[in-house]
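Next comes run.cif, with mmCIF, C-alpha atoms.
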```cif
data_protein
loop_
_atom_site.label_atom_id
_atom_site.label_comp_id
_atom_site.auth_asym_id
_atom_site.auth_seq_id
_atom_site.Cartn_x
_atom_site.Cartn_y
_atom_site.Cartn_z
CA MET A 1 94.11 122.61 87.13
CA MET A 2 91.53 124.23 89.41
CA ILE A 3 88.73 123.26 87.03
CA ASN A 4 89.91 119.67 86.94
CA LEU A 5 90.18 119.64 90.72
CA LYS A 6 86.64 120.99 91.08
CA ASN A 7 85.32 118.40 88.65
CA LEU A 8 87.18 115.70 90.51
CA LEU A 9 85.69 116.74 93.83
CA LYS A 10 82.21 116.71 92.29
CA ASN A 11 82.69 113.15 91.04
CA ASN A 12 80.30 110.87 92.96
CA PHE A 13 82.74 107.98 92.76
CA ILE A 14 85.40 110.15 94.44
CA LYS A 15 83.05 111.42 97.12
CA VAL A 16 81.59 108.06 98.06
CA SER A 17 84.88 106.19 97.73
CA GLY A 18 86.73 108.87 99.68
CA ALA A 19 84.32 108.81 102.61
CA ASN A 20 84.15 105.03 102.65
CA GLY A 21 87.91 104.88 102.21
CA LEU A 22 88.49 106.88 105.40
CA ILE A 23 86.18 104.54 107.28
CA THR A 24 87.92 101.52 105.79
CA ILE A 25 91.33 102.89 106.81
CA GLY A 26 90.04 103.35 110.35
CA LYS A 27 88.63 99.83 110.23
CA SER A 28 91.98 98.51 109.02
CA LEU A 29 93.81 100.25 111.87
CA PHE A 30 91.58 98.54 114.41
CA THR A 31 92.04 95.25 112.56
CA ILE A 32 95.81 95.73 112.57
CA ILE A 33 95.82 96.20 116.34
CA SER A 34 93.55 93.21 116.97
CA ASN A 35 95.61 91.02 114.60
CA LYS A 36 98.76 92.08 116.43
CA VAL A 37 97.20 90.92 119.69
CA VAL A 38 95.98 87.69 118.10
CA ALA A 39 99.31 86.91 116.41
CA THR A 40 101.32 87.62 119.55
CA ILE A 41 99.14 85.45 121.78
CA ILE A 42 98.15 82.51 119.57
CA GLY A 43 101.02 82.39 117.03
CA THR A 44 101.17 81.03 113.47
CA THR A 45 99.21 77.84 114.12
CA GLY A 46 96.40 79.82 115.72
CA ILE A 47 96.32 82.16 112.71
CA ALA A 48 95.86 79.13 110.47
CA MET A 49 92.89 77.96 112.58
CA VAL A 50 91.35 81.45 112.39
CA GLY A 51 91.71 81.34 108.59
CA GLN A 52 89.99 77.95 108.44
CA LEU A 53 87.03 79.19 110.50
CA GLN A 54 86.68 82.36 108.43
CA SER A 55 86.61 80.32 105.22
CA PHE A 56 83.99 77.98 106.71
CA ILE A 57 81.83 80.91 107.82
CA SER A 58 82.04 82.49 104.36
CA ILE A 59 80.74 79.28 102.83
CA VAL A 60 77.96 78.71 105.37
CA THR A 61 76.64 82.27 105.38
CA LEU A 62 76.40 82.36 101.61
CA VAL A 63 74.47 79.10 101.49
CA SER A 64 72.18 80.07 104.36
CA ASN A 65 71.18 83.53 103.09
CA GLY A 66 70.30 82.29 99.62
CA GLY A 67 73.10 84.26 97.98
CA PHE A 68 70.62 87.10 97.48
CA ASN A 69 72.72 90.04 98.68
CA GLN A 70 74.09 91.25 95.36
CA GLY A 71 70.85 90.55 93.54
CA LEU A 72 68.94 92.39 96.27
CA THR A 73 71.24 95.40 95.95
CA LYS A 74 70.77 95.38 92.17
CA TYR A 75 66.96 95.20 92.23
CA VAL A 76 66.59 97.74 95.03
CA ALA A 77 68.83 100.13 93.07
CA GLU A 78 66.85 99.57 89.87
CA GLN A 79 63.35 99.77 91.40
CA LYS A 80 63.79 101.97 94.47
CA ASN A 81 60.98 104.27 93.28
CA ASP A 82 58.50 101.37 93.29
CA LYS A 83 57.96 100.86 97.04
CA ASN A 84 55.71 97.80 96.73
CA SER A 85 58.10 95.98 94.40
CA VAL A 86 61.07 96.75 96.65
CA LYS A 87 59.20 95.45 99.71
CA GLU A 88 58.40 92.23 97.87
CA PHE A 89 62.07 91.74 97.02
CA ILE A 90 63.07 92.42 100.64
CA GLY A 91 60.32 90.25 102.13
CA THR A 92 61.14 87.37 99.81
CA ALA A 93 64.84 87.54 100.69
CA PHE A 94 64.04 87.79 104.43
CA ILE A 95 61.74 84.74 104.48
CA THR A 96 64.11 82.62 102.39
CA ALA A 97 67.14 83.56 104.51
CA THR A 98 65.25 82.80 107.74
CA ILE A 99 64.23 79.33 106.58
CA LEU A 100 67.66 78.45 105.18
CA SER A 101 69.48 79.81 108.26
CA SER A 102 67.33 77.64 110.52
CA LEU A 103 67.96 74.49 108.47
CA VAL A 104 71.71 75.07 108.16
CA GLY A 105 71.96 75.94 111.86
CA ILE A 106 70.36 72.62 112.79
CA ILE A 107 72.80 70.73 110.55
CA ILE A 108 75.78 72.47 112.18
CA LEU A 109 74.42 71.65 115.64
CA VAL A 110 74.02 67.97 114.83
CA PHE A 111 77.42 67.57 113.17
CA SER A 112 79.42 70.14 115.18
CA ARG A 113 82.05 67.66 116.40
CA SER A 114 82.73 66.13 113.00
CA ILE A 115 82.82 69.55 111.33
CA SER A 116 85.29 70.75 113.97
CA GLY A 117 87.48 67.72 113.30
CA ARG A 118 87.37 68.41 109.59
CA ILE A 119 88.24 72.12 109.55
CA PHE A 120 90.42 72.29 112.69
CA THR A 121 91.78 68.69 112.66
CA THR A 122 90.44 68.46 116.24
CA GLY A 123 86.99 68.19 117.77
CA SER A 124 87.95 70.51 120.62
CA TYR A 125 86.30 73.56 119.07
CA PHE A 126 82.84 72.08 118.48
CA SER A 127 81.36 74.54 121.01
CA VAL A 128 82.41 77.47 118.79
CA LEU A 129 80.37 75.91 115.98
CA ILE A 130 77.38 75.48 118.31
CA VAL A 131 77.47 79.21 119.12
CA PHE A 132 77.74 79.95 115.40
CA ALA A 133 74.70 77.76 114.66
CA PHE A 134 72.53 79.78 117.06
CA THR A 135 73.74 83.17 115.82
CA LEU A 136 73.74 82.38 112.09
CA ILE A 137 70.35 84.02 111.51
CA PHE A 138 71.66 87.33 112.88
CA TYR A 139 74.68 87.13 110.57
CA ASN A 140 72.36 86.87 107.60
CA LEU A 141 69.87 89.52 108.68
CA ASN A 142 72.75 91.96 109.12
CA SER A 143 74.03 91.21 105.62
CA LEU A 144 70.52 91.72 104.19
CA ILE A 145 70.29 95.12 105.85
CA LEU A 146 73.64 96.14 104.35
CA ALA A 147 72.55 94.96 100.89
CA ILE A 148 69.31 96.95 101.11
CA VAL A 149 70.98 100.12 102.41
CA ASN A 150 73.57 99.82 99.62
CA GLY A 151 70.81 99.44 97.02
CA PHE A 152 69.09 102.61 98.23
CA GLN A 153 72.53 104.29 98.21
CA GLN A 154 71.96 105.45 101.80
CA TYR A 155 75.66 105.88 102.37
CA ARG A 156 75.47 107.51 105.81
CA GLN A 157 73.61 104.56 107.26
CA TYR A 158 75.91 102.16 105.46
CA PHE A 159 78.92 103.91 106.97
CA LYS A 160 77.38 103.91 110.47
CA ILE A 161 76.84 100.16 110.33
CA ASN A 162 80.40 99.60 109.12
CA ILE A 163 81.86 101.78 111.88
CA THR A 164 79.83 99.88 114.47
CA THR A 165 80.97 96.56 113.00
CA THR A 166 84.58 97.67 113.33
CA LEU A 167 84.32 98.82 116.93
CA VAL A 168 82.33 95.80 118.12
CA GLY A 169 84.64 93.38 116.31
CA PHE A 170 87.76 95.04 117.71
CA LEU A 171 86.60 95.15 121.34
CA LEU A 172 85.23 91.62 121.21
CA THR A 173 88.33 90.13 119.59
CA VAL A 174 90.85 91.75 121.92
CA THR A 175 88.80 90.92 125.03
CA LEU A 176 88.17 87.27 124.15
CA VAL A 177 91.72 86.61 122.93
CA LEU A 178 93.17 88.04 126.15
CA LEU A 179 90.78 85.91 128.20
CA PHE A 180 90.69 82.64 126.24
CA LYS A 181 93.60 82.82 123.75
CA GLU A 182 93.00 80.72 120.57
CA TYR A 183 89.50 79.69 121.63
CA GLY A 184 88.65 83.35 122.25
CA ALA A 185 89.88 84.33 118.77
CA LEU A 186 87.57 81.77 117.19
CA LEU A 187 84.65 82.71 119.43
CA SER A 188 84.99 86.41 118.59
CA ILE A 189 84.64 85.63 114.88
CA VAL A 190 81.27 83.89 115.30
CA LEU A 191 79.89 86.49 117.70
CA SER A 192 80.92 89.87 116.28
CA GLN A 193 78.69 90.11 113.19
CA SER A 194 75.74 88.79 115.13
CA LEU A 195 76.07 91.48 117.80
CA VAL A 196 76.31 94.13 115.10
CA PHE A 197 72.84 93.18 113.85
CA ALA A 198 71.29 94.77 116.94
CA PHE A 199 72.98 98.09 116.15
CA ALA A 200 72.18 97.86 112.43
CA PHE A 201 68.51 97.32 113.22
CA ILE A 202 68.47 100.40 115.45
CA TYR A 203 69.91 102.50 112.60
CA VAL A 204 67.26 101.42 110.07
CA LYS A 205 64.21 100.68 112.25
CA LYS A 206 62.47 103.92 111.16
CA GLU A 207 62.89 103.21 107.43
CA ASP A 208 59.70 102.41 105.55
CA TRP A 209 61.18 99.28 104.01
CA ILE A 210 61.91 97.65 107.39
CA SER A 211 58.25 96.58 107.52
CA ALA A 212 59.07 94.19 104.66
CA PHE A 213 60.92 92.00 107.19
CA SER A 214 57.67 90.09 107.43
CA TRP A 215 56.11 86.83 106.30
CA LYS A 216 53.41 88.62 104.27
CA PHE A 217 55.65 90.05 101.52
CA PHE A 218 56.82 86.80 99.95
CA GLU A 219 56.40 86.82 96.17
CA LYS A 220 57.30 83.88 93.89
CA SER A 221 58.07 86.10 90.89
CA LYS A 222 60.60 88.05 92.96
CA LEU A 223 62.15 84.81 94.21
CA LYS A 224 62.73 83.70 90.62
CA LEU A 225 64.52 86.96 89.84
CA LEU A 226 66.67 86.72 92.98
CA LEU A 227 67.51 83.09 92.21
CA ARG A 228 69.14 84.24 88.99
CA TYR A 229 71.72 85.91 91.22
CA THR A 230 71.91 83.04 93.68
CA ALA A 231 73.82 80.89 91.20
CA ILE A 232 76.17 83.76 90.42
CA THR A 233 76.73 84.92 93.97
CA VAL A 234 76.76 81.64 95.87
CA LEU A 235 78.85 79.59 93.47
CA GLY A 236 81.20 82.46 92.76
CA ALA A 237 81.72 83.27 96.42
CA LEU A 238 81.77 79.65 97.60
CA ILE A 239 84.54 78.71 95.23
CA TRP A 240 87.25 80.91 96.72
CA PRO A 241 86.88 79.99 100.41
CA ILE A 242 86.84 76.34 99.31
CA VAL A 243 89.95 76.91 97.19
CA ALA A 244 91.67 78.59 100.17
CA MET A 245 90.76 75.68 102.44
CA ILE A 246 92.02 73.12 99.90
CA ILE A 247 95.35 74.92 99.48
CA ARG A 248 95.72 75.61 103.20
CA THR A 249 94.99 71.96 104.05
CA TYR A 250 97.47 70.83 101.37
CA VAL A 251 100.17 73.03 102.91
CA ILE A 252 99.39 71.82 106.44
CA GLU A 253 99.56 68.16 105.38
CA ASN A 254 102.58 68.40 103.04
CA ILE A 255 104.70 71.18 104.58
CA SER A 256 103.53 72.32 108.03
CA ALA A 257 100.83 74.20 109.93
CA ARG A 258 103.43 76.93 110.55
CA GLU A 259 103.88 77.54 106.81
CA ALA A 260 100.11 77.56 106.37
CA GLY A 261 99.96 80.22 109.08
CA LEU A 262 102.65 82.26 107.32
CA TRP A 263 100.70 82.08 104.06
CA GLU A 264 97.56 83.18 105.89
CA ALA A 265 99.49 86.05 107.48
CA THR A 266 100.76 87.08 104.02
CA ARG A 267 97.22 87.10 102.64
CA THR A 268 96.02 89.09 105.65
CA LEU A 269 98.79 91.70 105.41
CA ASN A 270 98.21 92.11 101.68
CA SER A 271 94.46 92.27 102.26
CA TYR A 272 94.78 95.51 104.23
CA ILE A 273 95.53 97.34 101.00
CA VAL A 274 92.95 95.36 99.03
CA ASN A 275 90.23 95.83 101.66
CA ILE A 276 90.85 99.56 101.92
CA ALA A 277 90.55 99.92 98.16
CA ILE A 278 87.64 97.52 97.70
CA GLY A 279 85.94 98.83 100.81
CA SER A 280 86.23 102.33 99.40
CA PHE A 281 84.51 101.77 96.09
CA SER A 282 82.60 98.47 96.37
CA VAL A 283 79.63 100.25 97.93
CA TYR A 284 79.44 102.43 94.80
CA LEU A 285 80.04 100.00 91.93
CA LEU A 286 77.15 97.53 91.84
CA PRO A 287 74.21 99.93 92.35
CA LYS A 288 75.77 102.46 89.97
CA LEU A 289 76.53 99.98 87.19
CA SER A 290 73.09 98.40 87.64
CA SER A 291 71.42 101.74 86.90
CA ILE A 292 73.40 102.46 83.69
CA THR A 293 71.68 101.52 80.42
CA ASN A 294 73.77 103.53 77.97
CA ASN A 295 77.01 102.22 76.43
CA VAL A 296 78.70 105.62 76.29
CA GLU A 297 77.86 106.34 79.93
CA LEU A 298 79.13 102.90 80.95
CA ARG A 299 82.38 103.32 79.03
CA ASN A 300 82.99 106.75 80.60
CA GLU A 301 82.14 105.45 84.07
CA LEU A 302 84.59 102.55 83.78
CA ILE A 303 87.34 104.81 82.44
CA SER A 304 86.90 107.27 85.32
CA ILE A 305 86.98 104.40 87.82
CA TYR A 306 90.16 102.89 86.39
CA LYS A 307 91.89 106.28 86.34
CA ILE A 308 91.54 106.24 90.11
CA ILE A 309 91.94 102.55 90.93
CA ILE A 310 95.17 101.82 89.06
CA PRO A 311 97.44 104.61 90.37
CA VAL A 312 96.07 104.44 93.93
CA THR A 313 96.51 100.65 94.08
CA LEU A 314 100.01 100.77 92.62
CA PHE A 315 101.12 103.47 95.04
CA SER A 316 99.67 101.58 98.01
CA PHE A 317 101.34 98.28 97.11
CA ILE A 318 104.70 99.97 96.45
CA PHE A 319 104.49 101.75 99.80
CA LEU A 320 103.68 98.51 101.62
CA TYR A 321 106.50 96.64 99.87
CA ILE A 322 109.10 99.27 100.78
CA PHE A 323 108.14 99.05 104.46
CA ARG A 324 107.26 95.35 104.45
CA ASP A 325 109.70 94.28 107.19
CA PHE A 326 108.49 97.03 109.48
CA ALA A 327 104.86 96.18 108.70
CA VAL A 328 105.35 92.48 109.48
CA LYS A 329 107.02 93.21 112.82
CA LEU A 330 104.39 95.82 113.65
CA LEU A 331 101.38 93.70 112.76
CA TYR A 332 102.64 90.31 113.87
CA SER A 333 105.97 89.46 115.49
CA LYS A 334 109.52 88.46 114.58
CA ASP A 335 108.27 84.86 114.17
CA PHE A 336 106.40 86.05 111.06
CA ILE A 337 109.35 87.81 109.36
CA LYS A 338 109.36 85.21 106.57
CA VAL A 339 106.12 86.83 105.37
CA SER A 340 108.28 89.60 103.84
CA ASN A 341 109.63 87.09 101.33
CA TYR A 342 106.14 86.00 100.32
CA LEU A 343 104.62 89.44 99.85
CA PHE A 344 105.77 90.58 96.38
CA LEU A 345 104.03 87.96 94.26
CA GLN A 346 100.94 88.16 96.47
CA MET A 347 100.71 91.90 95.71
CA VAL A 348 101.25 91.34 91.98
CA GLY A 349 98.31 88.93 91.94
CA SER A 350 96.20 91.29 94.04
CA PHE A 351 96.90 94.18 91.65
CA PHE A 352 95.49 92.15 88.76
CA TRP A 353 92.58 91.12 90.99
CA MET A 354 91.83 94.76 91.80
CA CYS A 355 91.82 95.64 88.12
CA LYS A 356 89.21 92.99 87.36
CA VAL A 357 86.80 94.06 90.14
CA PRO A 358 84.93 96.76 88.12
CA ILE A 359 84.51 94.31 85.25
CA MET A 360 83.24 91.62 87.63
CA ASN A 361 80.71 94.11 89.00
CA TYR A 362 79.61 94.99 85.47
CA ILE A 363 79.01 91.29 84.74
CA LEU A 364 76.98 90.94 87.96
CA ALA A 365 75.07 94.17 87.35
CA LYS A 366 74.00 93.10 83.86
CA GLY A 367 73.20 89.48 84.73
CA HIS A 368 75.66 87.72 82.43
CA THR A 369 75.27 84.59 84.53
CA THR A 370 76.87 82.04 82.23
CA ILE A 371 79.99 84.10 81.56
CA TYR A 372 80.48 84.82 85.25
CA LEU A 373 80.10 81.19 86.33
CA ILE A 374 82.38 79.85 83.62
CA ASN A 375 85.04 82.38 84.61
CA GLU A 376 84.85 81.48 88.30
CA LEU A 377 84.94 77.71 87.76
CA ILE A 378 87.73 77.65 85.20
CA PHE A 379 90.03 80.06 87.01
CA ALA A 380 89.42 78.51 90.44
CA LEU A 381 90.39 75.15 89.02
CA LEU A 382 93.43 76.71 87.33
CA TYR A 383 94.50 78.27 90.65
CA VAL A 384 94.32 74.96 92.55
CA ILE A 385 96.09 72.98 89.81
CA LEU A 386 98.89 75.55 89.52
CA ALA A 387 99.29 75.67 93.31
CA ILE A 388 99.56 71.88 93.62
CA ILE A 389 102.09 71.81 90.78
CA LEU A 390 104.22 74.69 92.08
CA ILE A 391 104.11 74.13 95.86
CA PRO A 392 106.45 71.07 95.84
CA LYS A 393 109.10 73.07 93.97
CA PHE A 394 108.65 76.60 95.38
CA GLN A 395 106.94 75.81 98.71
CA VAL A 396 104.54 78.57 99.84
CA GLN A 397 105.78 80.95 97.13
CA GLY A 398 104.29 78.54 94.63
CA ILE A 399 100.87 79.63 95.87
CA GLN A 400 101.70 83.30 95.23
CA MET A 401 102.93 82.43 91.72
CA SER A 402 99.66 80.61 91.06
CA PHE A 403 97.68 83.54 92.44
CA ALA A 404 99.43 86.03 90.14
CA ILE A 405 99.09 83.85 87.05
CA TYR A 406 95.39 83.09 87.45
CA ASN A 407 94.46 86.70 88.19
CA PHE A 408 96.36 87.97 85.15
CA GLY A 409 94.60 85.41 82.95
CA TYR A 410 91.22 86.29 84.48
CA LEU A 411 91.79 89.99 83.81
CA VAL A 412 92.83 89.51 80.18
CA VAL A 413 89.86 87.26 79.36
CA ASN A 414 87.36 89.65 80.90
CA ILE A 415 88.84 92.73 79.22
CA LEU A 416 88.22 90.98 75.91
CA PHE A 417 84.66 90.15 77.01
CA ILE A 418 83.76 93.68 78.03
CA ARG A 419 85.25 95.12 74.83
CA ILE A 420 82.89 92.88 72.88
CA MET A 421 79.92 93.97 75.00
CA LEU A 422 80.73 97.68 74.64
CA LYS A 423 80.78 97.34 70.86
CA LYS A 424 77.13 96.29 70.91
CA LYS A 425 74.45 98.92 70.59
CA THR A 426 72.69 97.84 73.79
CA LEU A 427 73.95 96.47 77.08
#
```

Could you show the structure in this file as structure tokens?
Amino acid sequence: MMINLKNLLKNNFIKVSGANGLITIGKSLFTIISNKVVATIIGTTGIAMVGQLQSFISIVTLVSNGGFNQGLTKYVAEQKNDKNSVKEFIGTAFITATILSSLVGIIILVFSRSISGRIFTTGSYFSVLIVFAFTLIFYNLNSLILAIVNGFQQYRQYFKINITTTLVGFLLTVTLVLLFKEYGALLSIVLSQSLVFAFAFIYVKKEDWISAFSWKFFEKSKLKLLLRYTAITVLGALIWPIVAMIIRTYVIENISAREAGLWEATRTLNSYIVNIAIGSFSVYLLPKLSSITNNVELRNELISIYKIIIPVTLFSFIFLYIFRDFAVKLLYSKDFIKVSNYLFLQMVGSFFWMCKVPIMNYILAKGHTTIYLINELIFALLYVILAIILIPKFQVQGIQMSFAIYNFGYLVVNILFIRIMLKKKTL
């Protein structure tokens, strides 16, 4: 037992995930408090508006940074001993993100009122979008820094930036919500990540690679390599915010904004467990799997990861479900108590989603672009179709049913895929 414990403690996955897990738990506690404040002050309809803005920001930031983050992490991890090559990757990503952020920012400025009407069903929040347009570049530079730090596996710096993000986001959200209610909640979302960039830059300003944030390191060959990951990252990550917006809008128009807010609250409550788990090991997976070139090593790595992920995730979801009523009242208010009825199927779907994450990272790490894109497109479409079919009969619970079904199907298909890949002599 002692030997196994010693081996366990020496496991890099355990060490990195454990440290990041503690930070993620702390981050979740601050998020819980801020969400409690937000839910109490702005209610279910306000929560729905917050969800719409977050989905919109996810889409815009991915388009405007070129979708390079995961590719950048992969290539930095693979070539971190070649300083010139790494700087060319970083410089190319920096220049591309700067140009795209400027263009997208201008578009948001010009069409701010119509965009506000589309995502909020009112033009009243166009000023929030104007602020977002001006701060978009800082959003993307911060995400590039995180991708680079992750690629170098500089976990202490990565953790410092995440801690700062949490504290800044918490203080900003609580302050602005107390001052400006729903408008303040939306404003805090577009400002927090941008403010964090200043702190992130301070943490990494002495690193040698920071000099690559320059116009002189652009390299076409590196752009072509990064673009291979743009299709994977952008399309894959764009799909799900769009899917969420489609379903949320469908619920608002066919049931009510209140039910859409309850669904959003259910997703948020469930996401505390998911984010703690994903936040714990996501920083480890992509750079580690990118560096593995041996089938046996890959198989052993995946087995060791699943031995930790499955029991920890199951225990966490069971714990949350047992205390679901208390959690809803603690995090939100009595107006949200219906969330307890929606939680079970949401957690079932999230468990399957958690199980597929290592496989998804393997696909990204090894550049199986076609397989990844086909998976994302087919299962996103399946999710929307199932939701539209089931919502009229089961109301909001129809969404949770759809979520569980599509994630189970996604997991099964990708298990079969990775079994085929592991049978080959080379990755």

Within 8 Å of range 133-149 of chain A, counting only C-alpha atoms, which residues qualify if same-chain residues fewer than 4 places away don't, as JSON, numbers by chain?
{"A": [61, 64, 65, 69, 70, 72, 73, 76, 90, 93, 94, 97, 98, 101, 102, 104, 105, 106, 108, 109, 129, 153, 154, 155, 157, 158, 161, 190, 191, 193, 194, 195, 196, 197, 200, 201]}

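Near Ser188 in chain A, within a cut-off of 9 Å and counting all atoms listed in the file, sit the residues Gly169, Leu172, Thr173, Val174, Thr175, Leu176, Val177, Tyr183, Gly184, Ala185, Leu191 and Ser192 of chain A, with same-chain residues fewer than 3 positions away left out.
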
Counting all atoms listed in the file, find residues at most 10 Å from (85.2, 82.1, 110.0) (file frame) and give them as a short mmCIF file (atom, residue, chain, number, x, y, z; two decimals) with C-alpha atoms, in the coordinates of the input.
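part.cif, written as the output of this step:
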```
data_model
loop_
_atom_site.label_atom_id
_atom_site.label_comp_id
_atom_site.auth_asym_id
_atom_site.auth_seq_id
_atom_site.Cartn_x
_atom_site.Cartn_y
_atom_site.Cartn_z
CA MET A 49 92.89 77.96 112.58
CA VAL A 50 91.35 81.45 112.39
CA GLY A 51 91.71 81.34 108.59
CA GLN A 52 89.99 77.95 108.44
CA LEU A 53 87.03 79.19 110.50
CA GLN A 54 86.68 82.36 108.43
CA SER A 55 86.61 80.32 105.22
CA PHE A 56 83.99 77.98 106.71
CA ILE A 57 81.83 80.91 107.82
CA SER A 58 82.04 82.49 104.36
CA ILE A 59 80.74 79.28 102.83
CA VAL A 60 77.96 78.71 105.37
CA THR A 61 76.64 82.27 105.38
CA LEU A 129 80.37 75.91 115.98
CA PHE A 132 77.74 79.95 115.40
CA LEU A 186 87.57 81.77 117.19
CA LEU A 187 84.65 82.71 119.43
CA SER A 188 84.99 86.41 118.59
CA ILE A 189 84.64 85.63 114.88
CA VAL A 190 81.27 83.89 115.30
CA PRO A 241 86.88 79.99 100.41
#
```

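Note that CA of Leu100 in chain A and CA of Gly66 in chain A are 7.3 Å apart.
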
Given the file shown, determine the residues that the PyMOL selection byres ((chain A and resi 311-315) around 8) selects; report them as a count of residues only.
12

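With CA of Phe379 in chain A on one side and CA of Asn341 in chain A on the other, the separation reads 25.3 Å.
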
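Put simply, CA of Ala212 in chain A is 4.8 Å away from CA of Gly91 in chain A.
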
Under the PyMOL selection byres ((chain A and resi 35) around 10), which residues of this model are included? Write them out as a ChimeraX atom specification.
/A:29-34,36-41,47,170,173-174,185,265,268-269,331-332

Given the file shown, determine the residues that the PyMOL selection byres ((chain A and resi 86) around 10) selects; report them as JSON, numbers by chain.
{"A": [72, 75, 76, 77, 78, 79, 80, 81, 82, 83, 84, 85, 87, 88, 89, 90, 91, 92, 148, 209, 212, 217, 222]}

Output C-alpha atoms for every residue in that selection, as a tab-separated table (two decimals), in the frame of the given file.
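Saved as selection_37.tsv:
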```tsv
chain	number	residue	atom	x	y	z
A	72	LEU	CA	68.94	92.39	96.27
A	75	TYR	CA	66.96	95.20	92.23
A	76	VAL	CA	66.59	97.74	95.03
A	77	ALA	CA	68.83	100.13	93.07
A	78	GLU	CA	66.85	99.57	89.87
A	79	GLN	CA	63.35	99.77	91.40
A	80	LYS	CA	63.79	101.97	94.47
A	81	ASN	CA	60.98	104.27	93.28
A	82	ASP	CA	58.50	101.37	93.29
A	83	LYS	CA	57.96	100.86	97.04
A	84	ASN	CA	55.71	97.80	96.73
A	85	SER	CA	58.10	95.98	94.40
A	87	LYS	CA	59.20	95.45	99.71
A	88	GLU	CA	58.40	92.23	97.87
A	89	PHE	CA	62.07	91.74	97.02
A	90	ILE	CA	63.07	92.42	100.64
A	91	GLY	CA	60.32	90.25	102.13
A	92	THR	CA	61.14	87.37	99.81
A	148	ILE	CA	69.31	96.95	101.11
A	209	TRP	CA	61.18	99.28	104.01
A	212	ALA	CA	59.07	94.19	104.66
A	217	PHE	CA	55.65	90.05	101.52
A	222	LYS	CA	60.60	88.05	92.96
```

Box for range 117-122 of chain A: with edges along x, y and z, all listed atoms inside and 8 Å added on each side, what are the centre and edge lengths in Å to one decimal, as JSON?
```
{"center_x": 89.6, "center_y": 70.0, "center_z": 112.9, "size_x": 20.4, "size_y": 20.6, "size_z": 22.7}
```

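Using all atoms listed in the file, the nearest neighbour of Ile255 in chain A within the list A:Ile107, A:Leu62, A:Val396, A:Thr45 is A:Val396.
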
Counting only C-alpha atoms, find the residues whose atoms lie at most 12 Å from (85.0, 97.1, 75.4) (file coordinates) and write them out as a PyMOL selection string.
chain A and resi 295-296+298-300+302-303+359+362+412-425+427

Which residue gives the smallest distance to Lys74 in chain A among A:Phe199, A:Phe152, A:Phe323, A:Tyr306, with only C-alpha atoms counted?
A:Phe152

Could you rebuild range 147-159 of chain A with N, CA and C atoms and give me the result as an mmCIF file, in the frame of the given file?
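What ended up in out.cif:
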```cif
data_model
loop_
_atom_site.group_PDB
_atom_site.id
_atom_site.type_symbol
_atom_site.label_atom_id
_atom_site.label_comp_id
_atom_site.auth_asym_id
_atom_site.auth_seq_id
_atom_site.Cartn_x
_atom_site.Cartn_y
_atom_site.Cartn_z
ATOM 1 N N ALA A 147 72.865 95.028 102.323
ATOM 2 C CA ALA A 147 72.550 94.960 100.890
ATOM 3 C C ALA A 147 71.447 95.939 100.515
ATOM 4 N N ILE A 148 70.440 96.042 101.367
ATOM 5 C CA ILE A 148 69.310 96.950 101.110
ATOM 6 C C ILE A 148 69.762 98.407 101.189
ATOM 7 N N VAL A 149 70.482 98.747 102.238
ATOM 8 C CA VAL A 149 70.980 100.120 102.410
ATOM 9 C C VAL A 149 71.870 100.507 101.239
ATOM 10 N N ASN A 150 72.697 99.564 100.772
ATOM 11 C CA ASN A 150 73.570 99.820 99.620
ATOM 12 C C ASN A 150 72.730 100.071 98.367
ATOM 13 N N GLY A 151 71.667 99.270 98.193
ATOM 14 C CA GLY A 151 70.810 99.440 97.020
ATOM 15 C C GLY A 151 70.126 100.800 96.987
ATOM 16 N N PHE A 152 69.708 101.279 98.148
ATOM 17 C CA PHE A 152 69.090 102.610 98.230
ATOM 18 C C PHE A 152 70.137 103.725 98.187
ATOM 19 N N GLN A 153 71.404 103.346 98.200
ATOM 20 C CA GLN A 153 72.530 104.290 98.210
ATOM 21 C C GLN A 153 72.436 105.241 99.413
ATOM 22 N N GLN A 154 72.027 104.693 100.539
ATOM 23 C CA GLN A 154 71.960 105.450 101.800
ATOM 24 C C GLN A 154 73.324 105.315 102.487
ATOM 25 N N TYR A 155 74.271 106.083 101.992
ATOM 26 C CA TYR A 155 75.660 105.880 102.370
ATOM 27 C C TYR A 155 75.931 106.196 103.842
ATOM 28 N N ARG A 156 75.226 107.182 104.395
ATOM 29 C CA ARG A 156 75.470 107.510 105.810
ATOM 30 C C ARG A 156 75.124 106.335 106.718
ATOM 31 N N GLN A 157 73.987 105.716 106.464
ATOM 32 C CA GLN A 157 73.610 104.560 107.260
ATOM 33 C C GLN A 157 74.581 103.401 107.037
ATOM 34 N N TYR A 158 74.956 103.225 105.791
ATOM 35 C CA TYR A 158 75.910 102.160 105.460
ATOM 36 C C TYR A 158 77.214 102.366 106.221
ATOM 37 N N PHE A 159 77.682 103.603 106.270
ATOM 38 C CA PHE A 159 78.920 103.910 106.970
ATOM 39 C C PHE A 159 78.771 103.706 108.475
#
```
